[in-house]
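Data first, discussion second: the structure below is written as structure tokens.
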Amino acid sequence: MTSPSLNKADAADTLTGGPRRRRVPRGGRGGGRGGGRGGAPLPLLLPALIGLAFLVLPLVALLVRAPWRSMPELLTSTEVWQALQLSLVCATAATAVSLVIGVPLAWLLARVDFPGRGLVRALVTLPLVLPPVVGGVALLMALGRNGVVGKWLDAWFGITLPFTTAGVVIAEAFVAMPFLVISVEGTLRAADPRYEEAATTLGASRFTAFRRVTLPLIAPGIAAGAVLAWARALGEFGATITFAGNFPGRTQTMPLAVYLALQNDPAAAIALSLVLLAVSIAVLAGLRDRWMTAS
């Protein structure tokens, strides 16, 4: 007969046939060879370390070979300052263009079910895998002076886009906008659409519900996508040099300046590369909650 003073823990021990064992989390003490995250087999560890070295060693070499003493002089030269200023202005303008037309496109892909939506999504993401030089050639064929659309822009409005600062913005937006669209579409799919439906049942139009309800909900996703698009636009090279050329003060951005300096002044090329590296690190630091936290 069980004693009245038997507590819950003793009753549980009696029913299970003995005292409960406390679980030890995987990867903790005593993980050993087969303890989940406690160790890594040698056939996997060696390639992993080689892959890490393959990615990190060039960046370390860039820091080791950097002309630190002459860095202020190199970075304050007129050519470098013009390229940096133009890069910042064009990347910001390309990001603004991507926001204006990319966020509605992401909403269309996430919220509207229409025939051929998969094909449209594939076309939107195509610039991610398309070689940038091919993208520049495609822009020339579309918006060049004799292009499909460009000839009408030139004849009707006198607008010529190739080899201009506006051409740099267009080239950068072409390759950067898919990053924004993918990020915003993923955020929209994760957001609960019932809030929009509730707003529409209360009399709000679809656009008002999007502006008042959806935009505040997806603001973090828009911000992350905008940062990614800005960083991609800042580092764009292939489409820019093909569609806009490499004219100092007008179309020569930082990546183009690095390419030109590498032929004549390697020290200046390293200094410019360090600036772009610092920007990339800052972008990763800004997105650390999204990409740099362990799951």
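Simple scheme: letters A, B, ... for chains in structure tokens order, numbers from 1 for residues in each chain, numbers from 1 for ligands in the order shown.
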Query raised in the report: Could you pull out the alpha helix (DSSP H) residues of range 26-230 of chain A from DSSP and send them as number ranges by chain?
Result: A: 42-64, 71-75, 78-111, 117-129, 132-143, 150-152, 165-190, 194-201, 206-209, 215-230
Residues near Met177 in chain A, cut-off 7 Å, only C-alpha atoms, skip fewer than 6 positions along chain, as a JSON list (two decimals) with C-alpha atoms, in the first residue's frame:
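Final output, selection-v6.json:
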```
[["chain", "number", "residue", "atom", "x", "y", "z"],
["A", 98, "SER", "CA", 14.26, 48.97, -56.56],
["A", 102, "GLY", "CA", 10.34, 46.00, -56.38],
["A", 229, "ALA", "CA", 20.28, 45.52, -52.84]]
```
Mind dumping a table of every range 126-198 of chain A residue within 9 Å of range 251-257 of chain A, with the nearest atom pair and its distance in Å to one decimal, using only C-alpha atoms, sorted by chain and rising number, as CSV?
```
residue,atom,partner,partner_atom,distance
A:Phe163,CA,A:Thr251,CA,6.9
A:Thr164,CA,A:Thr251,CA,6.2
A:Thr165,CA,A:Thr251,CA,5.4
A:Ala166,CA,A:Thr251,CA,8.8
A:Gly167,CA,A:Thr251,CA,8.1
A:Val168,CA,A:Thr251,CA,6.3
```
Just-selected residues, C-alpha atoms written as a CSV table (one decimal), in the first residue's frame:
```
chain,number,residue,atom,x,y,z
A,163,PHE,CA,27.3,55.8,-71.0
A,164,THR,CA,25.6,58.2,-68.6
A,165,THR,CA,25.2,58.4,-64.8
A,166,ALA,CA,21.6,57.4,-65.2
A,167,GLY,CA,22.8,54.3,-67.1
A,168,VAL,CA,24.9,53.4,-64.1
```
Shell around Pro72 in chain A at 12 Å using only C-alpha atoms, local window under 3 positions removed, as a short mmCIF file (atom, residue, chain, number, x, y, z; two decimals) with C-alpha atoms, in the first residue's frame:
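Written output follows (out27.cif):
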```
data_model
loop_
_atom_site.label_atom_id
_atom_site.label_comp_id
_atom_site.auth_asym_id
_atom_site.auth_seq_id
_atom_site.Cartn_x
_atom_site.Cartn_y
_atom_site.Cartn_z
CA ALA A 66 47.58 46.82 -47.74
CA PRO A 67 49.68 50.02 -47.87
CA TRP A 68 48.57 51.23 -44.46
CA ARG A 69 51.04 54.14 -44.28
CA LEU A 75 41.90 57.45 -50.29
CA THR A 76 41.85 61.26 -50.41
CA SER A 77 42.92 61.58 -54.03
CA VAL A 80 39.17 57.93 -55.57
CA TRP A 81 36.87 60.49 -54.01
CA ALA A 267 48.51 50.01 -54.06
CA ALA A 268 45.54 52.21 -54.93
CA ALA A 271 43.12 50.65 -50.85
CA LEU A 272 39.90 50.84 -52.85
CA VAL A 275 36.91 50.31 -48.70
#
```
Query - Residue with smallest distance to Pro162 in chain A - pool A:Thr240, A:Ser87, A:Thr78, A:Ser280, counting only C-alpha atoms - result: A:Thr240
Query - Coordinates-based distance that separates CA of Thr214 in chain A from CA of Gly118 in chain A (Å, one decimal) - result: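 Separating CA of Gly118 in chain A from CA of Thr214 in chain A is a distance of 22.9 Å.
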Requested in this report: Mind giving me the straight-line distance from CA of Gln82 in chain A to CA of Val60 in chain A in Å, one decimal?
Outcome: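 Between these atoms lies a distance of 27.3 Å.
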